>>> print(open('entry09.txt').read())   # compact mmCIF, C-alpha atoms
# COMPACT_ATOMS: atom_id res chain seq x y z
CA MET A 1 -17.68 6.85 31.48
CA ILE A 2 -16.79 10.11 29.80
CA ARG A 3 -15.41 10.99 26.37
CA VAL A 4 -14.29 14.24 24.78
CA GLN A 5 -14.08 13.89 21.01
CA ARG A 6 -14.17 15.73 17.70
CA GLU A 7 -16.28 13.06 15.96
CA ALA A 8 -20.07 12.88 15.91
CA PHE A 9 -21.80 10.29 18.09
CA ASP A 10 -24.83 8.05 17.60
CA ALA A 11 -26.98 8.35 20.73
CA GLY A 12 -28.85 5.11 20.03
CA ARG A 13 -25.67 3.08 19.71
CA GLU A 14 -24.17 4.69 22.80
CA ILE A 15 -27.24 3.85 24.89
CA ALA A 16 -27.36 0.28 23.59
CA ALA A 17 -23.68 -0.26 24.38
CA LEU A 18 -23.99 1.31 27.83
CA THR A 19 -26.96 -0.79 28.90
CA ALA A 20 -26.01 -4.11 27.28
CA ASP A 21 -25.77 -7.07 29.64
CA ASN A 22 -27.14 -5.23 32.68
CA THR A 23 -30.67 -6.38 33.39
CA ARG A 24 -30.83 -4.52 36.70
CA ILE A 25 -31.44 -1.37 34.66
CA GLY A 26 -35.12 -0.46 34.59
CA GLY A 27 -34.90 2.98 33.04
CA VAL A 28 -32.54 5.04 30.89
CA ALA A 29 -32.66 8.82 30.53
CA SER A 30 -30.67 10.64 27.90
CA PHE A 31 -30.15 14.18 26.69
CA VAL A 32 -28.68 15.33 23.38
CA GLY A 33 -27.65 18.97 22.98
CA LEU A 34 -27.65 20.33 19.41
CA VAL A 35 -26.18 23.41 17.76
CA ARG A 36 -29.09 25.85 17.69
CA ASP A 37 -29.54 28.46 14.98
CA LEU A 38 -31.84 31.33 15.82
CA GLY A 39 -30.87 33.09 12.60
CA GLY A 40 -27.69 33.49 10.61
CA LEU A 41 -25.44 31.01 12.40
CA ARG A 42 -22.93 29.40 10.06
CA SER A 43 -20.91 27.40 12.52
CA MET A 44 -19.98 27.01 16.15
CA THR A 45 -16.48 26.10 17.26
CA LEU A 46 -16.01 24.51 20.66
CA GLU A 47 -12.69 24.89 22.39
CA HIS A 48 -11.68 22.86 25.44
CA TYR A 49 -8.79 22.47 27.87
CA PRO A 50 -7.34 19.01 27.14
CA GLY A 51 -6.70 17.25 30.42
CA MET A 52 -8.73 19.52 32.67
CA THR A 53 -11.91 19.07 30.64
CA GLU A 54 -11.76 15.28 30.97
CA ARG A 55 -10.97 15.54 34.66
CA GLN A 56 -13.92 17.86 35.29
CA LEU A 57 -16.33 15.63 33.39
CA GLU A 58 -15.13 12.66 35.46
CA ARG A 59 -15.78 14.62 38.64
CA ILE A 60 -19.26 15.66 37.51
CA GLU A 61 -20.10 12.06 36.65
CA ALA A 62 -18.73 10.85 40.00
CA GLU A 63 -20.87 13.43 41.81
CA ALA A 64 -23.99 12.20 40.02
CA ARG A 65 -23.16 8.61 40.96
CA ARG A 66 -22.66 9.66 44.56
CA ARG A 67 -26.09 11.31 44.64
CA TRP A 68 -28.17 8.73 42.74
CA PRO A 69 -28.12 4.90 42.53
CA LEU A 70 -27.02 4.64 38.89
CA GLU A 71 -26.24 1.37 37.15
CA ALA A 72 -24.47 3.15 34.29
CA SER A 73 -23.71 6.65 33.06
CA LEU A 74 -22.08 8.33 30.09
CA ILE A 75 -21.06 11.84 29.09
CA VAL A 76 -19.86 12.49 25.53
CA HIS A 77 -18.91 16.07 24.66
CA ARG A 78 -17.61 17.21 21.28
CA TYR A 79 -15.14 19.92 20.41
CA GLY A 80 -14.09 21.54 17.13
CA ARG A 81 -16.18 23.09 14.38
CA LEU A 82 -19.88 22.17 14.33
CA GLU A 83 -22.79 23.32 12.18
CA PRO A 84 -26.44 24.05 13.02
CA GLY A 85 -28.24 20.83 13.89
CA ASP A 86 -25.07 18.95 14.80
CA PRO A 87 -25.04 17.12 18.14
CA ILE A 88 -22.72 18.68 20.75
CA VAL A 89 -23.24 16.74 23.95
CA LEU A 90 -24.81 13.47 25.12
CA THR A 91 -25.60 12.52 28.70
CA VAL A 92 -27.02 9.11 29.56
CA THR A 93 -28.02 7.79 32.97
CA ALA A 94 -29.40 4.34 33.74
CA SER A 95 -30.93 3.17 36.98
CA ALA A 96 -33.30 0.58 38.40
CA HIS A 97 -36.04 3.23 38.52
CA ARG A 98 -36.85 6.16 36.30
CA GLN A 99 -36.70 9.00 38.80
CA ALA A 100 -33.01 8.57 39.59
CA ALA A 101 -32.25 8.36 35.86
CA PHE A 102 -34.23 11.52 35.05
CA ASP A 103 -32.82 13.53 37.93
CA ALA A 104 -29.22 12.46 37.41
CA CYS A 105 -29.39 13.24 33.68
CA ASN A 106 -30.74 16.72 34.43
CA PHE A 107 -28.03 17.23 37.06
CA LEU A 108 -25.24 16.19 34.68
CA MET A 109 -26.29 18.81 32.13
CA ASP A 110 -26.75 21.58 34.70
CA TRP A 111 -23.34 20.88 36.19
CA LEU A 112 -21.41 20.53 32.99
CA LYS A 113 -22.84 23.83 31.73
CA THR A 114 -21.02 25.63 34.53
CA GLU A 115 -18.20 23.25 35.56
CA ALA A 116 -16.76 21.82 32.35
CA PRO A 117 -14.09 23.88 30.55
CA PHE A 118 -15.58 24.42 27.09
CA TRP A 119 -15.95 27.70 25.24
CA LYS A 120 -18.15 28.38 22.23
CA ARG A 121 -17.32 30.68 19.37
CA GLU A 122 -20.07 31.44 16.87
CA GLU A 123 -19.55 32.33 13.24
CA GLY A 124 -22.43 34.28 11.71
CA ALA A 125 -23.05 36.54 8.75
CA ASN A 126 -21.38 39.45 10.56
CA GLY A 127 -18.25 37.64 11.69
CA GLU A 128 -17.25 35.65 14.75
CA CYS A 129 -17.82 36.16 18.45
CA TRP A 130 -17.34 34.24 21.67
CA VAL A 131 -20.53 33.16 23.42
CA ALA A 132 -20.99 34.74 26.85
CA ALA A 133 -21.85 32.62 29.90
CA ARG A 134 -25.52 32.67 30.91
CA THR A 135 -26.56 33.61 34.41
CA ASP A 136 -29.55 31.24 34.21
CA ASP A 137 -27.06 28.38 33.77
CA ASP A 138 -25.57 29.38 37.13
CA ALA A 139 -29.07 29.44 38.62
CA ALA A 140 -29.80 25.98 37.18
CA ARG A 141 -26.66 24.61 38.81
CA GLU A 142 -27.45 26.27 42.13
CA ARG A 143 -30.80 24.54 42.48
CA TRP A 144 -28.94 21.28 43.14
CA ARG A 145 -27.15 22.79 46.11
CA GLY A 146 -28.27 21.16 49.32
CA SER A 147 -30.08 18.34 47.51
CA GLY A 148 -27.00 16.12 47.64
CA MET B 1 5.66 28.47 35.43
CA LYS B 2 3.46 27.74 32.40
CA ILE B 3 0.64 30.16 31.61
CA LEU B 4 -2.23 29.06 29.33
CA TYR B 5 -4.91 31.27 27.79
CA PHE B 6 -8.22 30.09 26.38
CA ALA B 7 -11.01 31.57 24.25
CA TRP B 8 -10.99 35.38 23.95
CA LEU B 9 -8.26 35.73 26.55
CA ARG B 10 -5.97 33.94 24.09
CA ASP B 11 -7.05 36.33 21.33
CA LYS B 12 -6.14 39.28 23.55
CA ALA B 13 -2.91 37.71 24.81
CA GLY B 14 -1.83 36.93 21.24
CA CYS B 15 -0.61 33.47 22.26
CA SER B 16 -2.03 30.28 23.77
CA GLU B 17 0.79 29.68 26.24
CA ARG B 18 3.99 31.16 27.58
CA ASP B 19 6.61 30.35 30.20
CA VAL B 20 7.16 32.96 32.88
CA ALA B 21 9.40 33.29 35.93
CA PRO B 22 7.71 35.64 38.36
CA PRO B 23 9.66 36.84 41.41
CA PRO B 24 9.35 34.83 44.66
CA GLY B 25 6.80 37.26 46.14
CA VAL B 26 4.23 36.19 43.52
CA ALA B 27 2.68 33.33 45.48
CA THR B 28 -1.05 33.43 44.62
CA VAL B 29 -3.19 33.57 41.47
CA GLY B 30 -4.19 37.14 42.36
CA ALA B 31 -0.56 38.24 42.74
CA LEU B 32 0.31 36.45 39.49
CA ILE B 33 -2.42 38.39 37.64
CA ASP B 34 -1.09 41.66 39.12
CA TRP B 35 2.40 40.76 37.97
CA LEU B 36 1.36 39.59 34.48
CA ALA B 37 -0.82 42.68 33.92
CA ALA B 38 2.18 44.87 34.71
CA GLN B 39 4.43 43.13 32.15
CA ASP B 40 3.12 44.67 28.94
CA GLU B 41 0.07 46.26 27.32
CA ARG B 42 -1.32 43.02 25.93
CA GLN B 43 -1.29 41.41 29.37
CA ALA B 44 -2.86 44.52 30.85
CA GLU B 45 -5.64 44.18 28.28
CA VAL B 46 -6.15 40.45 29.05
CA PHE B 47 -6.71 41.22 32.73
CA ALA B 48 -8.45 44.59 32.31
CA ASP B 49 -11.75 43.23 33.67
CA ARG B 50 -10.91 40.57 36.23
CA SER B 51 -14.57 39.87 36.97
CA VAL B 52 -14.74 37.95 33.67
CA VAL B 53 -11.49 36.03 34.11
CA ARG B 54 -11.53 32.53 35.63
CA SER B 55 -8.44 30.52 36.46
CA ALA B 56 -7.13 27.03 37.11
CA VAL B 57 -3.93 25.87 38.79
CA ASN B 58 -2.65 22.47 37.63
CA GLN B 59 -6.04 21.86 35.98
CA ASP B 60 -8.17 22.54 39.06
CA PHE B 61 -10.39 25.62 39.28
CA ALA B 62 -8.67 28.31 41.33
CA GLU B 63 -9.49 31.57 43.11
CA ALA B 64 -7.44 34.73 43.64
CA ASP B 65 -5.98 33.34 46.89
CA THR B 66 -5.02 29.93 45.43
CA PRO B 67 -1.25 29.39 45.87
CA VAL B 68 1.03 29.16 42.82
CA CYS B 69 4.59 27.78 42.69
CA PRO B 70 7.36 27.51 40.10
CA GLY B 71 6.53 24.62 37.76
CA ASP B 72 2.77 25.07 38.07
CA GLU B 73 0.46 25.18 35.06
CA VAL B 74 -1.81 28.21 35.47
CA ALA B 75 -4.67 28.72 33.01
CA PHE B 76 -6.82 31.80 32.45
CA PHE B 77 -10.16 31.72 30.63
CA PRO B 78 -13.62 33.28 30.54
CA PRO B 79 -16.61 31.67 32.30
CA VAL B 80 -17.30 28.32 30.63
CA THR B 81 -20.01 27.90 27.95
CA GLY B 82 -20.19 24.16 27.23
CA GLY B 83 -23.13 21.82 26.91
>>> encode(input="entry09.txt", output="structure tokens")
Amino acid sequence: MIRVQREAFDAGREIAALTADNTRIGGVASFVGLVRDLGGLRSMTLEHYPGMTERQLERIEAEARRRWPLEASLIVHRYGRLEPGDPIVLTVTASAHRQAAFDACNFLMDWLKTEAPFWKREEGANGECWVAARTDDDAARERWRGSG
Amino acid sequence: MKILYFAWLRDKAGCSERDVAPPPGVATVGALIDWLAAQDERQAEVFADRSVVRSAVNQDFAEADTPVCPGDEVAFFPPVTGG
């Protein structure tokens, strides 16, 4: 399941809802990305491409489910104006065993960093600027090549 | 054909979307960029450094040789920075 939303999410509630009534699940891995402030950040605004963003997240989730035996999975990604400390993204993967859950959760984040249409704009003391893509995010995605 | 711009490409384009009717010879994303960049100074500025411009045709990631047709939705944006 994927969701793109402006509202905040509660990771605990999301995990509880995702895993309810499925006792085949033996392990759940989750990741929460937060707005980081390394000095002077006032806000971060996330823009997305309505339609394509949802489609890409569905594809990324489907790819994870193709690679690992998951019982359940969830991606929630926010857009709009966020402040330091606010949650941006949640990925949850549940499987019979922990390794598939850990690996799939890691994979979801690496892939959505480079495959999901979102763009960040930071507002600091000296004005606003768009965040540039990171080459180490590309490298993180590439390490999954050939392992599927 | 509907053109969409995101992030700083929209800032440079001065609009988030526009309808265009390129001539029949414009049949790929690369040719469309050539044609758009030749339309006016703002478009030339948007596509000044093509190495930082990504594209999608009908909401699928595209490359310079991806075909485009009348009625398509073609989006231009910088490399993504989500997560």
>>> atom_distance(input="entry09.txt", atom1="atom CA of A:Leu74", atom2="atom CA of A:Ile2")
5.6 Å
>>> atom_distance(input="entry09.txt", atom1="atom CA of A:Glu83", atom2="atom CA of A:Ala133")
20.0 Å
>>> interface_residues(input="entry09.txt", of="chain B", to="chain A", cutoff="6 Å", atoms="only C-alpha atoms", output="list of chain:residue names")
B:Gln59, B:Pro79, B:Val80, B:Thr81, B:Gly82, B:Gly83
>>> residues_around(input="entry09.txt", residues="stretch 1-18 of chain B", least_positions_apart="5", cutoff="6 Å", atoms="only C-alpha atoms", output="ChimeraX atom specification")
/B:42,46,70-77
>>> atom_distance(input="entry09.txt", atom1="atom CA of B:Asp19", atom2="atom CA of B:Arg50")
21.2 Å
>>> residues_around(input="entry09.txt", residues="A:Gly26", least_positions_apart="4", cutoff="7 Å", atoms="all atoms listed in the file", output="list of chain:residue names")
A:Ser95, A:Ala96, A:His97
>>> write_last_selection(input="entry09.txt", atoms="C-alpha atoms", output="short mmCIF file (atom, residue, chain, number, x, y, z; two decimals), in the coordinates of the input")
data_model
loop_
_atom_site.label_atom_id
_atom_site.label_comp_id
_atom_site.auth_asym_id
_atom_site.auth_seq_id
_atom_site.Cartn_x
_atom_site.Cartn_y
_atom_site.Cartn_z
CA SER A 95 -30.93 3.17 36.98
CA ALA A 96 -33.30 0.58 38.40
CA HIS A 97 -36.04 3.23 38.52
#
>>> build_atoms(input="entry09.txt", residues="stretch 48-76 of chain B", atoms="N, CA and C atoms", output="compact mmCIF listing (two decimals), keeping the file's coordinate frame")
# COMPACT_ATOMS: atom_id res chain seq x y z
N ALA B 48 -7.84 43.28 32.05
CA ALA B 48 -8.45 44.59 32.31
C ALA B 48 -9.72 44.47 33.16
N ASP B 49 -10.53 43.44 32.87
CA ASP B 49 -11.75 43.23 33.67
C ASP B 49 -11.64 41.86 34.33
N ARG B 50 -11.17 41.85 35.56
CA ARG B 50 -10.91 40.57 36.23
C ARG B 50 -12.18 39.83 36.61
N SER B 51 -13.32 40.54 36.60
CA SER B 51 -14.57 39.87 36.97
C SER B 51 -14.97 38.83 35.91
N VAL B 52 -14.40 38.92 34.71
CA VAL B 52 -14.74 37.95 33.67
C VAL B 52 -13.60 36.98 33.39
N VAL B 53 -12.61 36.95 34.28
CA VAL B 53 -11.49 36.03 34.11
C VAL B 53 -11.57 34.93 35.18
N ARG B 54 -11.59 33.67 34.72
CA ARG B 54 -11.53 32.53 35.63
C ARG B 54 -10.14 31.91 35.50
N SER B 55 -9.78 31.08 36.50
CA SER B 55 -8.44 30.52 36.46
C SER B 55 -8.43 29.07 36.95
N ALA B 56 -7.35 28.38 36.60
CA ALA B 56 -7.13 27.03 37.11
C ALA B 56 -5.65 26.87 37.38
N VAL B 57 -5.32 26.18 38.47
CA VAL B 57 -3.93 25.87 38.79
C VAL B 57 -3.77 24.35 38.71
N ASN B 58 -2.86 23.91 37.85
CA ASN B 58 -2.65 22.47 37.63
C ASN B 58 -3.98 21.75 37.34
N GLN B 59 -4.79 22.42 36.51
CA GLN B 59 -6.04 21.86 35.98
C GLN B 59 -7.14 21.70 37.02
N ASP B 60 -7.06 22.44 38.12
CA ASP B 60 -8.17 22.54 39.06
C ASP B 60 -8.60 24.00 39.12
N PHE B 61 -9.92 24.24 39.17
CA PHE B 61 -10.39 25.62 39.28
C PHE B 61 -9.74 26.30 40.48
N ALA B 62 -9.38 27.57 40.28
CA ALA B 62 -8.67 28.31 41.33
C ALA B 62 -9.37 29.64 41.60
N GLU B 63 -8.99 30.24 42.74
CA GLU B 63 -9.49 31.57 43.11
C GLU B 63 -8.28 32.48 43.26
N ALA B 64 -8.54 33.75 43.54
CA ALA B 64 -7.44 34.73 43.64
C ALA B 64 -6.44 34.34 44.73
N ASP B 65 -6.90 33.67 45.79
CA ASP B 65 -5.98 33.34 46.89
C ASP B 65 -5.37 31.94 46.76
N THR B 66 -5.63 31.25 45.64
CA THR B 66 -5.02 29.93 45.43
C THR B 66 -3.51 30.07 45.25
N PRO B 67 -2.71 29.28 45.99
CA PRO B 67 -1.25 29.39 45.87
C PRO B 67 -0.74 28.95 44.48
N VAL B 68 0.33 29.60 44.03
CA VAL B 68 1.03 29.16 42.82
C VAL B 68 2.52 29.02 43.14
N CYS B 69 3.17 28.06 42.47
CA CYS B 69 4.59 27.78 42.69
C CYS B 69 5.28 27.65 41.34
N PRO B 70 6.62 27.78 41.33
CA PRO B 70 7.36 27.51 40.10
C PRO B 70 7.04 26.09 39.62
N GLY B 71 6.86 25.94 38.31
CA GLY B 71 6.53 24.62 37.76
C GLY B 71 5.04 24.39 37.60
N ASP B 72 4.22 25.23 38.20
CA ASP B 72 2.77 25.07 38.07
C ASP B 72 2.31 25.41 36.66
N GLU B 73 1.16 24.81 36.29
CA GLU B 73 0.46 25.18 35.06
C GLU B 73 -0.75 26.02 35.47
N VAL B 74 -0.74 27.29 35.08
CA VAL B 74 -1.81 28.21 35.47
C VAL B 74 -2.56 28.65 34.21
N ALA B 75 -3.87 28.39 34.19
CA ALA B 75 -4.67 28.72 33.01
C ALA B 75 -5.63 29.85 33.32
N PHE B 76 -5.85 30.71 32.33
CA PHE B 76 -6.82 31.80 32.45
C PHE B 76 -7.82 31.68 31.30
